Amino acid sequence: MASRPELKEEDESSFCKFFRNLPHKGNDTVRIFDRGDYYSAHGEDAKFIAATVYRTTAVIRKLGREPGLESVTLTVMVFRNFIREALFRLGKKIEVWGSSGKRMDWKIIKQASPGNLQDLEDELGGQMENAPIILAVKVSATAQGRKVGVCFADASVRELGVAEFLDNDLYSNFESLLIQLGVKECLIQADPTKKDVELSKLRTIADNCGCALAERNAGDFGTKDIEQDLSRLLKNERSAGTLPTMDMKLAMGSAAALIKYIGALADPTNHGQYQLYQHDLDQYMKLDAAALKALNLMPGPRDGAKTMSLYGLLNHCKTPTGSRLLAQWLKQPLMDIKEIERRQQLVEAFVNDTGLRQTMQEEHLRSIPDLYRLTKKMQRKAANLEDVVRAYQVVIRLPGFLNTLESVMDEQYKDPLDAEYTSKLREYSSAFAKFQEMVETTVDLDALDNHEFIIKPEFDDSLRTIRKRLDKLRRDMDAEHIKVGRDLNQDTEKKLFLENHRVHGWCFRLTRNEASCIRNKKQYQECSTQKNGVYFTTSALQSMRREFDQLSETYNRTQSGLVNEVVSVASSYIPVLEKLAAVLAHMDVIVAFAHVSVHAPTSYTRPKMNPRGTGNTILKEARHPCMEMQDDISFITNDASLIRGESEFLIITGPNMGGKSTYIRQIGVIALMAQIGCFVPAAEAEMTIFDCILARVGASDSQIKGVSTFMAEMLETANILKSATKESLIIIDELGRGTSTYDGFGLAWAISEYIVKEIGAFALFATHFHELTALVDTYPHVQNLHVVAHISEGMQEDANGPKKKREVTLLYKVEPGVCDQSFGIHVAELVRFPQKVINMAKRKADELEDFSGKHEEGFVQASKDEVEEGSKLLKEMLVEWKRDVEQKGLTNKQLVERMRELVRGNQALRENAFFKTIQAL
């Protein structure tokens with residue numbers, strides 16, 4: 001806390017008055033004031049920052065007269081950490097206010113929201129893991145159905161995407177689109193009355209998908225000026241009215257709201273620079289929010305190890321652009337078998353050629369900067385000479401990439417590598433020839449060693465003069481360095497350093513251990529003490545430093561015209577740089593896939609893909625890729641067969657903690673990995689192409705939003721039933737646990753039967769409703785599997801003498817058949833429940849089992865035909881018994897005896913399995 005800056009407000013009362021008169025902002029916006037070398041926040045924002053950043057109210061001070069304005073200050077570093085947290089995790093918007101120095105001349109200088117980070121990109125630095133997508137949505141709900149129109153953009157890439165599609169009443173397609181695009185912020189029409197059910201549904205879906213919400217007035221979604229606005233924004237479009245997308249009225253309304261929100265027209269550099277394209281929702285596998293969580297696709301806030309999410313496991317990318325592309329691919333698994341196999345072929349090339357893979361990762365890719373960020377700076381006219389040099393350093397590395405690719409000898413991989421990488425890189429390398437020549441001619445590349453980015457002095461007489469004086473000063477400084485080293489008896493290479501500090505300029509640095517040698521010596525003035533040592537200077541060095549700074553400033557002023565010219569020429573290469581960035585990002589992800597496939601505990605294998613709508617999914621010795629990476633885990637492999645007409649619907653029973661959840665989830669993860677083009681964790685794999693993966697996994701309470709566990713479960717299941725097709729993969733891990741056993745089982749049975757009969761999708765259902773396994777008697781393409789547990793009986797001594805003890809060993813193997821026990825009490829024993837509770841639970845469980853008769857000897861589960869046959873025979877016998885009762889006027893004792901005679905004489909009834917279960921009761 002000691003390093004927190006002190007708020008210096010000369011006219012406190014005027015600032016307090018100014019602040020309190022600012023227009024009202026929503027709770028989702030934080031206002032921060034830039035005060036030069038630190039920042040401040042006030043009022044409710046000060047309390048919010050005190051709670052989230054400092055986690056104490058002690059940092060708040062009052063500004064002005066009573067009652068005072070709550071205020072906190074933030075160093076530059078704290079400010080940067082806060083905006084990352086606020087934008088990426090808390091979904092807040094940021095307003096940064098700046099002042100020109102005049103009295104109360106504050107105005108907004110920067111604004112950012114989770115989907116539009118352009119203004120704060122420099123402050124966020126390399127923390128922007130994924131491209132921030134912002135989306136606007138407009139819906140039309142009629143009795144015939146719901147139509148959804150969206151427009152979306154990565155605000156900094158100058159592309160607008162539009163889509164218009166029909167949806168069901170749960171907006172499943174809209175949810176899939178948010179996930180496919182990785183949307184960070186969603187613009188939605190304001191609902192003043194809060195009674196619009198459709199808008200409420202969209203809000204809930206956006207919230208579930210982790211999108212920040214921004215409400216806009218209905219007027220913003222009007223299409224009156226959209227044609228004119230698009231004509232000004234789009235490239236090569238004389239009239240936006242000629243675009244086929246103009247017929248998409250809802251999408252155009254969304255486009256109008258989005259263009260206004262991101263201020264695209266306000267910046268003249270955007271005019272004529274945007275592209276508009278139509279997004280096809282069906283080109284990628286659809287995922288719902290539940291599947292995203294069930295398959296652990298992206299890192300969660302509580303994930304410790306990197307390998308706990310699929311993204312963390314696969315992200316061995318060496319470039320920021322590669323990491324962003326990987327996140328995009330994970331949410332956009334392919335549906336086209338040719339595209340999938342093309343990626344697989346490239347992965348195989350890098351898997352089989354170790355030298356190629358390692359050279360790309362260790363020598364070439366790791367030295368590539370964030371090219372997209374570089375081009376964005378150039379687009380915004382914010383680039384400098386350093387950015388030009390960084391682009392140049394990429395260009396001069398392209399021959400190295402080409403030499404490595406051209407050295408591949410295996411003919412079967414040469415063509416795919418050439419088509420995807422070599423020919424494109426050769427073309428871009430040629431296109432950059434003039435750019436390379438310009439940089440080498442104009443930029444002083446020798447000065448890069450001192451981290452200086454300057455134009456060559458030979459370019460201008462005055463530059464040459466200044467350069468000579470600067471070089472002489474550097475020699476004088478070096479001489480002073482040697483002199484001080486001799487005076488202090490310190491090694492000038494290992495302990496005493498001459499450095500150009502960003503705050504103190506040229507000065508000396510001593511390691512902290514050696515710093516005592518300058519204490520009490522008047523000729524040495526300390527500047528500061530930091531982690532890496534003590535900075536100090538001398539009168540001579542100070543004088544040289546002042547002259548050096550003045551000359552450097554003059555040099556920069558003199559060269560600024562030339563620098564602007566060089567940056568301007570470099571900016572004309574933006575289109576080629578963007579194409580190069582795309583190719584290198586693609587290569588980075590493919591090489592990362594190969595790296596993971598080779599370095600897994602057991603190598604991954606290339607799956608054989610069946611064309612869409614055909615074939616089966618058969619896995620041999622399959623594993624969960626994230627689970628097998630955990631420490632101290634020896635993963636037990638299992639086979640899986642999803643075969644049309646034979647095993648489309650798998651019911652998995654077995655003990656708690658026995659591995660049911662892992663088994664069904666690993667099949668979903670493997671299916672997704674196969675469709676992004678990666679190899680998969682199995683000895684052999686044959687895969688069908690799924691159009692979507694839908695999941696209902698685990699209890700997801702949302703009590704804060706007024707949704708119970710059971711309600712959340714039913715909403716997820718309703719989404720599955722309305723979205724799934726014959727080509728889908730459904731994963732259900734428990735169902736019906738939030739209500740009574742009978743209601744839960746009834747729902748589980750009905751849902752399972754509907755999936756089997758009406759949808760016909762491949763499905764995996766892990767359950768503790770063992771009665772559900774009877775579905776196999778009616779539907780031959782349902783198969784029962786169980787997780788194996790070994791039970792051993794033994795004796796254990798306690799205070800009351802010897803007693804029986806049952807040991808349960810979980811084997812984590814999945815085998816055909818049914819397991820009729822859950823071993824819940826065993827889990828209670830593992831977590832050391834009090835023995836009295838365990839004994840009581842066992843006694844009560846035994847009572848209930850005795851009551852149901854299910855586990856009694858001779859109990860037989862009746863099939864549907866046996867139930868019908870038994871009911872018919874029983875009815876016939878009861879009719880005959882009733883006739884005897886009415887005709888003969890029997891006593892109660894005789895009535896019972898007559899019933900027994902009828903049963904004894906009816907052999908078919910006595911042998912019926914359904915009648916036997918009734919007798920058992």
# chains A, B, ... in the order shown; residues from 1 in each chain; ligands from 1
>>> select_by_dssp(residues="segment 197-239 of chain A", states="strand (DSSP E or B)", output="ChimeraX atom specification")
/A:212-216,234
>>> residues_around(residues="Met252 of chain A", least_positions_apart="2", cutoff="9 Å", atoms="only C-alpha atoms", output="list in words")
Gly149, Val150, Cys151, Val162, Phe221, Gly222, Thr223, Ile226, Glu227, Thr245, Met246, Asp247, Met248, Lys249, Leu250, Ser254, Ala255, Ala256 and Ala257 of chain A
>>> write_last_selection(atoms="N, CA and C atoms", output="PDB file, in the first residue's frame")
ATOM      1  N   GLY A 149     -31.949 -12.013 -36.234  1.00  0.00           N
ATOM      2  CA  GLY A 149     -30.989 -11.338 -37.112  1.00  0.00           C
ATOM      3  C   GLY A 149     -29.840 -10.806 -36.279  1.00  0.00           C
ATOM      4  N   VAL A 150     -28.613 -11.099 -36.669  1.00  0.00           N
ATOM      5  CA  VAL A 150     -27.455 -10.620 -35.905  1.00  0.00           C
ATOM      6  C   VAL A 150     -26.447  -9.950 -36.829  1.00  0.00           C
ATOM      7  N   CYS A 151     -25.666  -9.057 -36.226  1.00  0.00           N
ATOM      8  CA  CYS A 151     -24.497  -8.490 -36.900  1.00  0.00           C
ATOM      9  C   CYS A 151     -23.384  -8.504 -35.858  1.00  0.00           C
ATOM     10  N   VAL A 162     -22.853 -10.892 -40.844  1.00  0.00           N
ATOM     11  CA  VAL A 162     -24.302 -10.885 -40.595  1.00  0.00           C
ATOM     12  C   VAL A 162     -24.859 -12.292 -40.775  1.00  0.00           C
ATOM     13  N   PHE A 221     -31.866   0.333 -33.563  1.00  0.00           N
ATOM     14  CA  PHE A 221     -31.987  -0.838 -34.436  1.00  0.00           C
ATOM     15  C   PHE A 221     -32.784  -0.525 -35.713  1.00  0.00           C
ATOM     16  N   GLY A 222     -33.062   0.753 -35.950  1.00  0.00           N
ATOM     17  CA  GLY A 222     -33.808   1.142 -37.163  1.00  0.00           C
ATOM     18  C   GLY A 222     -32.933   1.040 -38.400  1.00  0.00           C
ATOM     19  N   THR A 223     -33.539   0.742 -39.560  1.00  0.00           N
ATOM     20  CA  THR A 223     -32.748   0.516 -40.793  1.00  0.00           C
ATOM     21  C   THR A 223     -32.826   1.683 -41.778  1.00  0.00           C
ATOM     22  N   ILE A 226     -29.238   2.665 -42.886  1.00  0.00           N
ATOM     23  CA  ILE A 226     -28.207   1.617 -42.942  1.00  0.00           C
ATOM     24  C   ILE A 226     -27.548   1.496 -44.316  1.00  0.00           C
ATOM     25  N   GLU A 227     -28.348   1.667 -45.383  1.00  0.00           N
ATOM     26  CA  GLU A 227     -27.778   1.534 -46.729  1.00  0.00           C
ATOM     27  C   GLU A 227     -26.715   2.604 -46.971  1.00  0.00           C
ATOM     28  N   THR A 245     -27.293  -9.253 -48.871  1.00  0.00           N
ATOM     29  CA  THR A 245     -27.605  -9.232 -47.423  1.00  0.00           C
ATOM     30  C   THR A 245     -28.583  -8.112 -47.053  1.00  0.00           C
ATOM     31  N   MET A 246     -28.798  -7.144 -47.946  1.00  0.00           N
ATOM     32  CA  MET A 246     -29.708  -6.031 -47.629  1.00  0.00           C
ATOM     33  C   MET A 246     -31.138  -6.519 -47.424  1.00  0.00           C
ATOM     34  N   ASP A 247     -31.472  -7.704 -47.960  1.00  0.00           N
ATOM     35  CA  ASP A 247     -32.825  -8.254 -47.767  1.00  0.00           C
ATOM     36  C   ASP A 247     -33.015  -8.782 -46.347  1.00  0.00           C
ATOM     37  N   MET A 248     -31.926  -8.928 -45.598  1.00  0.00           N
ATOM     38  CA  MET A 248     -32.010  -9.470 -44.231  1.00  0.00           C
ATOM     39  C   MET A 248     -32.323  -8.315 -43.281  1.00  0.00           C
ATOM     40  N   LYS A 249     -33.612  -7.995 -43.159  1.00  0.00           N
ATOM     41  CA  LYS A 249     -34.028  -6.787 -42.439  1.00  0.00           C
ATOM     42  C   LYS A 249     -33.612  -6.793 -40.968  1.00  0.00           C
ATOM     43  N   LEU A 250     -33.769  -7.925 -40.300  1.00  0.00           N
ATOM     44  CA  LEU A 250     -33.413  -7.987 -38.879  1.00  0.00           C
ATOM     45  C   LEU A 250     -31.903  -7.827 -38.690  1.00  0.00           C
ATOM     46  N   SER A 254     -29.693  -4.908 -36.730  1.00  0.00           N
ATOM     47  CA  SER A 254     -28.601  -5.184 -35.792  1.00  0.00           C
ATOM     48  C   SER A 254     -27.327  -4.472 -36.236  1.00  0.00           C
ATOM     49  N   ALA A 255     -27.074  -4.453 -37.557  1.00  0.00           N
ATOM     50  CA  ALA A 255     -25.879  -3.772 -38.097  1.00  0.00           C
ATOM     51  C   ALA A 255     -25.924  -2.277 -37.763  1.00  0.00           C
ATOM     52  N   ALA A 256     -27.108  -1.685 -37.886  1.00  0.00           N
ATOM     53  CA  ALA A 256     -27.256  -0.246 -37.584  1.00  0.00           C
ATOM     54  C   ALA A 256     -26.882   0.031 -36.133  1.00  0.00           C
ATOM     55  N   ALA A 257     -27.369  -0.826 -35.208  1.00  0.00           N
ATOM     56  CA  ALA A 257     -27.075  -0.627 -33.774  1.00  0.00           C
ATOM     57  C   ALA A 257     -25.586  -0.819 -33.493  1.00  0.00           C
TER      58      ALA A 257
END
>>> atom_distance(atom1="atom CA of Val788 of chain A", atom2="atom CA of Lys813 of chain A")
5.5 Å
>>> atom_distance(atom1="atom CA of Phe745 of chain A", atom2="atom CA of Val697 of chain A")
16.5 Å
>>> atom_distance(atom1="atom CA of Ile466 of chain A", atom2="atom CA of Thr554 of chain A")
8.0 Å
>>> residues_around(residues="Tyr428 of chain A", least_positions_apart="4", cutoff="9 Å", atoms="only C-alpha atoms", output="number ranges by chain")
A: 395, 398, 423-424, 432-433, 576-577, 579-580
>>> closest_residue(among="A:Val503, A:Val157, A:Ala540, A:Ala789", to="Asp478 of chain A", atoms="only C-alpha atoms")
A:Ala540
>>> residues_around(residues="segment 561-563 of chain A", least_positions_apart="4", cutoff="9 Å", atoms="only C-alpha atoms", output="PyMOL selection string")
chain A and resi 384-385+442-443+454-455+556-557+567-568
>>> write_last_selection(atoms="C-alpha atoms", output="short mmCIF file (atom, residue, chain, number, x, y, z; two decimals), in the first residue's frame")
data_model
loop_
_atom_site.label_atom_id
_atom_site.label_comp_id
_atom_site.auth_asym_id
_atom_site.auth_seq_id
_atom_site.Cartn_x
_atom_site.Cartn_y
_atom_site.Cartn_z
CA ASN A 384 5.97 4.06 -34.94
CA LEU A 385 9.40 3.10 -36.24
CA THR A 442 16.41 4.07 -44.14
CA VAL A 443 16.50 2.56 -40.62
CA ILE A 454 16.06 5.79 -35.55
CA ILE A 455 16.55 6.77 -39.18
CA ASN A 556 13.78 12.67 -33.19
CA ARG A 557 12.25 16.02 -34.15
CA VAL A 567 5.51 4.26 -41.36
CA SER A 568 3.12 5.38 -44.10
#
>>> residues_around(residues="Leu473 of chain A", least_positions_apart="2", cutoff="9 Å", atoms="only C-alpha atoms", output="ChimeraX atom specification")
/A:468-471,475-478,544-545,547-548
>>> write_last_selection(atoms="N, CA and C atoms", output="compact mmCIF listing (two decimals), in the first residue's frame")
# COMPACT_ATOMS: atom_id res chain seq x y z
N LYS A 468 26.98 12.39 -34.89
CA LYS A 468 28.40 12.43 -34.52
C LYS A 468 28.55 12.86 -33.06
N ARG A 469 27.76 13.90 -32.68
CA ARG A 469 27.85 14.42 -31.31
C ARG A 469 27.33 13.37 -30.31
N LEU A 470 26.27 12.66 -30.71
CA LEU A 470 25.73 11.60 -29.83
C LEU A 470 26.74 10.48 -29.64
N ASP A 471 27.40 10.10 -30.73
CA ASP A 471 28.41 9.03 -30.65
C ASP A 471 29.57 9.44 -29.73
N ARG A 475 30.90 7.76 -26.16
CA ARG A 475 32.29 7.39 -25.85
C ARG A 475 32.73 8.01 -24.53
N ASP A 476 32.28 9.27 -24.31
CA ASP A 476 32.62 9.96 -23.05
C ASP A 476 31.97 9.25 -21.86
N MET A 477 30.74 8.80 -22.06
CA MET A 477 30.05 8.08 -20.98
C MET A 477 30.77 6.77 -20.66
N ASP A 478 31.20 6.08 -21.70
CA ASP A 478 31.95 4.82 -21.49
C ASP A 478 33.23 5.08 -20.70
N MET A 544 26.41 14.97 -19.10
CA MET A 544 26.40 14.26 -20.40
C MET A 544 24.99 13.75 -20.72
N ARG A 545 24.30 13.27 -19.68
CA ARG A 545 22.94 12.73 -19.89
C ARG A 545 22.00 13.82 -20.38
N GLU A 547 22.74 16.58 -22.00
CA GLU A 547 23.08 16.92 -23.39
C GLU A 547 22.61 15.81 -24.33
N PHE A 548 22.78 14.54 -23.90
CA PHE A 548 22.37 13.40 -24.73
C PHE A 548 20.86 13.44 -24.97
>>> residues_around(residues="Lys318 of chain A", least_positions_apart="3", cutoff="9 Å", atoms="only C-alpha atoms", output="PyMOL selection string")
chain A and resi 315+321-323+361-362+365-368+588-589+592
>>> write_last_selection(atoms="C-alpha atoms", output="PDB file, in the first residue's frame")
ATOM      1  CA  ASN A 315      -2.212 -24.594 -26.486  1.00  0.00           C
ATOM      2  CA  THR A 321      -2.267 -15.116 -33.084  1.00  0.00           C
ATOM      3  CA  GLY A 322      -1.957 -18.930 -32.941  1.00  0.00           C
ATOM      4  CA  SER A 323      -3.445 -19.065 -29.429  1.00  0.00           C
ATOM      5  CA  GLN A 361       8.473 -24.352 -32.830  1.00  0.00           C
ATOM      6  CA  GLU A 362      11.861 -23.565 -31.355  1.00  0.00           C
ATOM      7  CA  LEU A 365       7.451 -19.493 -34.667  1.00  0.00           C
ATOM      8  CA  ARG A 366       8.646 -18.425 -31.221  1.00  0.00           C
ATOM      9  CA  SER A 367      10.169 -15.239 -32.698  1.00  0.00           C
ATOM     10  CA  ILE A 368       6.939 -14.052 -34.395  1.00  0.00           C
ATOM     11  CA  ASP A 588       1.228 -22.564 -35.244  1.00  0.00           C
ATOM     12  CA  VAL A 589      -2.006 -24.388 -34.303  1.00  0.00           C
ATOM     13  CA  ALA A 592       0.771 -27.443 -31.559  1.00  0.00           C
TER      14      ALA A 592
END
>>> closest_atom_pairs(of="segment 147-173 of chain A", to="segment 230-236 of chain A", cutoff="10 Å", atoms="only C-alpha atoms", output="JSON lines")
{"residue": "A:Arg158", "atom": "CA", "partner": "A:Leu233", "partner_atom": "CA", "distance": 9.1}
{"residue": "A:Glu159", "atom": "CA", "partner": "A:Leu234", "partner_atom": "CA", "distance": 9.1}
{"residue": "A:Leu160", "atom": "CA", "partner": "A:Leu234", "partner_atom": "CA", "distance": 9.4}
>>> select_by_dssp(residues="segment 409-466 of chain A", states="helix (DSSP H, G or I)", output="ChimeraX atom specification")
/A:411-431,433-442,445-450,457-459,461-466
>>> write_last_selection(atoms="N, CA and C atoms", output="compact mmCIF listing (two decimals), in the first residue's frame")
# COMPACT_ATOMS: atom_id res chain seq x y z
N GLU A 411 7.25 -37.38 -49.92
CA GLU A 411 6.41 -36.89 -51.03
C GLU A 411 4.94 -36.73 -50.64
N GLN A 412 4.43 -37.63 -49.78
CA GLN A 412 2.99 -37.58 -49.47
C GLN A 412 2.62 -36.30 -48.67
N TYR A 413 3.62 -35.68 -48.02
CA TYR A 413 3.33 -34.47 -47.25
C TYR A 413 3.76 -33.19 -47.96
N LYS A 414 4.59 -33.34 -48.99
CA LYS A 414 5.15 -32.16 -49.67
C LYS A 414 4.04 -31.30 -50.30
N ASP A 415 3.10 -31.96 -50.99
CA ASP A 415 2.03 -31.20 -51.66
C ASP A 415 1.10 -30.48 -50.68
N PRO A 416 0.58 -31.18 -49.63
CA PRO A 416 -0.28 -30.46 -48.69
C PRO A 416 0.45 -29.30 -47.99
N LEU A 417 1.71 -29.50 -47.61
CA LEU A 417 2.47 -28.43 -46.97
C LEU A 417 2.70 -27.27 -47.94
N ASP A 418 2.95 -27.61 -49.19
CA ASP A 418 3.17 -26.59 -50.21
C ASP A 418 1.91 -25.76 -50.44
N ALA A 419 0.76 -26.46 -50.53
CA ALA A 419 -0.52 -25.77 -50.79
C ALA A 419 -0.89 -24.84 -49.63
N GLU A 420 -0.67 -25.31 -48.41
CA GLU A 420 -1.12 -24.54 -47.24
C GLU A 420 -0.12 -23.48 -46.81
N TYR A 421 1.18 -23.77 -46.94
CA TYR A 421 2.19 -22.86 -46.39
C TYR A 421 3.24 -22.38 -47.39
N THR A 422 3.99 -23.34 -47.99
CA THR A 422 5.20 -22.97 -48.75
C THR A 422 4.90 -21.97 -49.87
N SER A 423 3.92 -22.27 -50.72
CA SER A 423 3.65 -21.39 -51.87
C SER A 423 3.18 -20.01 -51.40
N LYS A 424 2.35 -19.97 -50.33
CA LYS A 424 1.86 -18.68 -49.82
C LYS A 424 3.01 -17.87 -49.23
N LEU A 425 3.87 -18.52 -48.42
CA LEU A 425 4.99 -17.80 -47.81
C LEU A 425 5.96 -17.29 -48.87
N ARG A 426 6.15 -18.08 -49.94
CA ARG A 426 7.03 -17.65 -51.04
C ARG A 426 6.46 -16.39 -51.70
N GLU A 427 5.15 -16.41 -51.90
CA GLU A 427 4.48 -15.26 -52.54
C GLU A 427 4.59 -14.02 -51.65
N TYR A 428 4.36 -14.17 -50.33
CA TYR A 428 4.41 -13.02 -49.43
C TYR A 428 5.85 -12.51 -49.29
N SER A 429 6.81 -13.44 -49.27
CA SER A 429 8.22 -13.04 -49.16
C SER A 429 8.60 -12.15 -50.34
N SER A 430 8.13 -12.52 -51.53
CA SER A 430 8.42 -11.71 -52.73
C SER A 430 7.73 -10.35 -52.63
N ALA A 431 6.49 -10.36 -52.11
CA ALA A 431 5.73 -9.10 -52.01
C ALA A 431 6.41 -8.13 -51.05
N ALA A 433 9.67 -7.71 -50.70
CA ALA A 433 11.04 -7.39 -51.12
C ALA A 433 11.32 -5.89 -51.04
N LYS A 434 10.40 -5.08 -51.58
CA LYS A 434 10.58 -3.61 -51.58
C LYS A 434 10.52 -3.06 -50.16
N PHE A 435 9.64 -3.64 -49.32
CA PHE A 435 9.53 -3.21 -47.92
C PHE A 435 10.85 -3.45 -47.19
N GLN A 436 11.42 -4.64 -47.40
CA GLN A 436 12.69 -5.00 -46.77
C GLN A 436 13.79 -4.03 -47.20
N GLU A 437 13.79 -3.75 -48.50
CA GLU A 437 14.82 -2.84 -49.04
C GLU A 437 14.68 -1.45 -48.44
N MET A 438 13.43 -0.97 -48.29
CA MET A 438 13.19 0.37 -47.73
C MET A 438 13.70 0.45 -46.28
N VAL A 439 13.40 -0.56 -45.47
CA VAL A 439 13.82 -0.55 -44.06
C VAL A 439 15.34 -0.59 -43.96
N GLU A 440 15.98 -1.45 -44.76
CA GLU A 440 17.44 -1.57 -44.70
C GLU A 440 18.15 -0.31 -45.19
N THR A 441 17.46 0.44 -46.05
CA THR A 441 18.05 1.67 -46.58
C THR A 441 17.87 2.83 -45.62
N THR A 442 16.74 2.88 -44.94
CA THR A 442 16.41 4.07 -44.14
C THR A 442 16.63 3.92 -42.64
N LEU A 445 19.81 0.03 -38.37
CA LEU A 445 19.63 -1.28 -37.74
C LEU A 445 20.70 -1.56 -36.68
N ASP A 446 21.85 -0.89 -36.80
CA ASP A 446 22.91 -1.08 -35.79
C ASP A 446 22.49 -0.50 -34.44
N ALA A 447 21.63 0.53 -34.47
CA ALA A 447 21.19 1.18 -33.22
C ALA A 447 20.22 0.30 -32.42
N LEU A 448 19.72 -0.78 -33.05
CA LEU A 448 18.75 -1.65 -32.36
C LEU A 448 19.38 -2.30 -31.13
N ASP A 449 20.71 -2.50 -31.18
CA ASP A 449 21.39 -3.12 -30.03
C ASP A 449 21.19 -2.31 -28.76
N ASN A 450 21.06 -0.98 -28.91
CA ASN A 450 20.82 -0.10 -27.76
C ASN A 450 19.34 0.19 -27.58
N PRO A 457 21.60 8.19 -40.03
CA PRO A 457 22.06 9.60 -40.10
C PRO A 457 22.48 10.02 -41.51
N GLU A 458 22.91 9.07 -42.35
CA GLU A 458 23.36 9.42 -43.71
C GLU A 458 22.24 10.03 -44.55
N PHE A 459 21.01 9.88 -44.07
CA PHE A 459 19.87 10.36 -44.85
C PHE A 459 19.75 11.87 -44.87
N ASP A 461 21.89 15.75 -43.65
CA ASP A 461 23.12 16.36 -43.13
C ASP A 461 23.01 16.70 -41.66
N SER A 462 21.87 17.30 -41.28
CA SER A 462 21.72 17.70 -39.87
C SER A 462 21.68 16.47 -38.97
N LEU A 463 21.07 15.38 -39.48
CA LEU A 463 21.03 14.12 -38.70
C LEU A 463 22.46 13.60 -38.50
N ARG A 464 23.26 13.73 -39.57
CA ARG A 464 24.64 13.22 -39.50
C ARG A 464 25.42 13.97 -38.43
N THR A 465 25.24 15.31 -38.38
CA THR A 465 25.94 16.14 -37.39
C THR A 465 25.56 15.74 -35.96
N ILE A 466 24.24 15.62 -35.75
CA ILE A 466 23.77 15.27 -34.40
C ILE A 466 24.28 13.88 -34.02
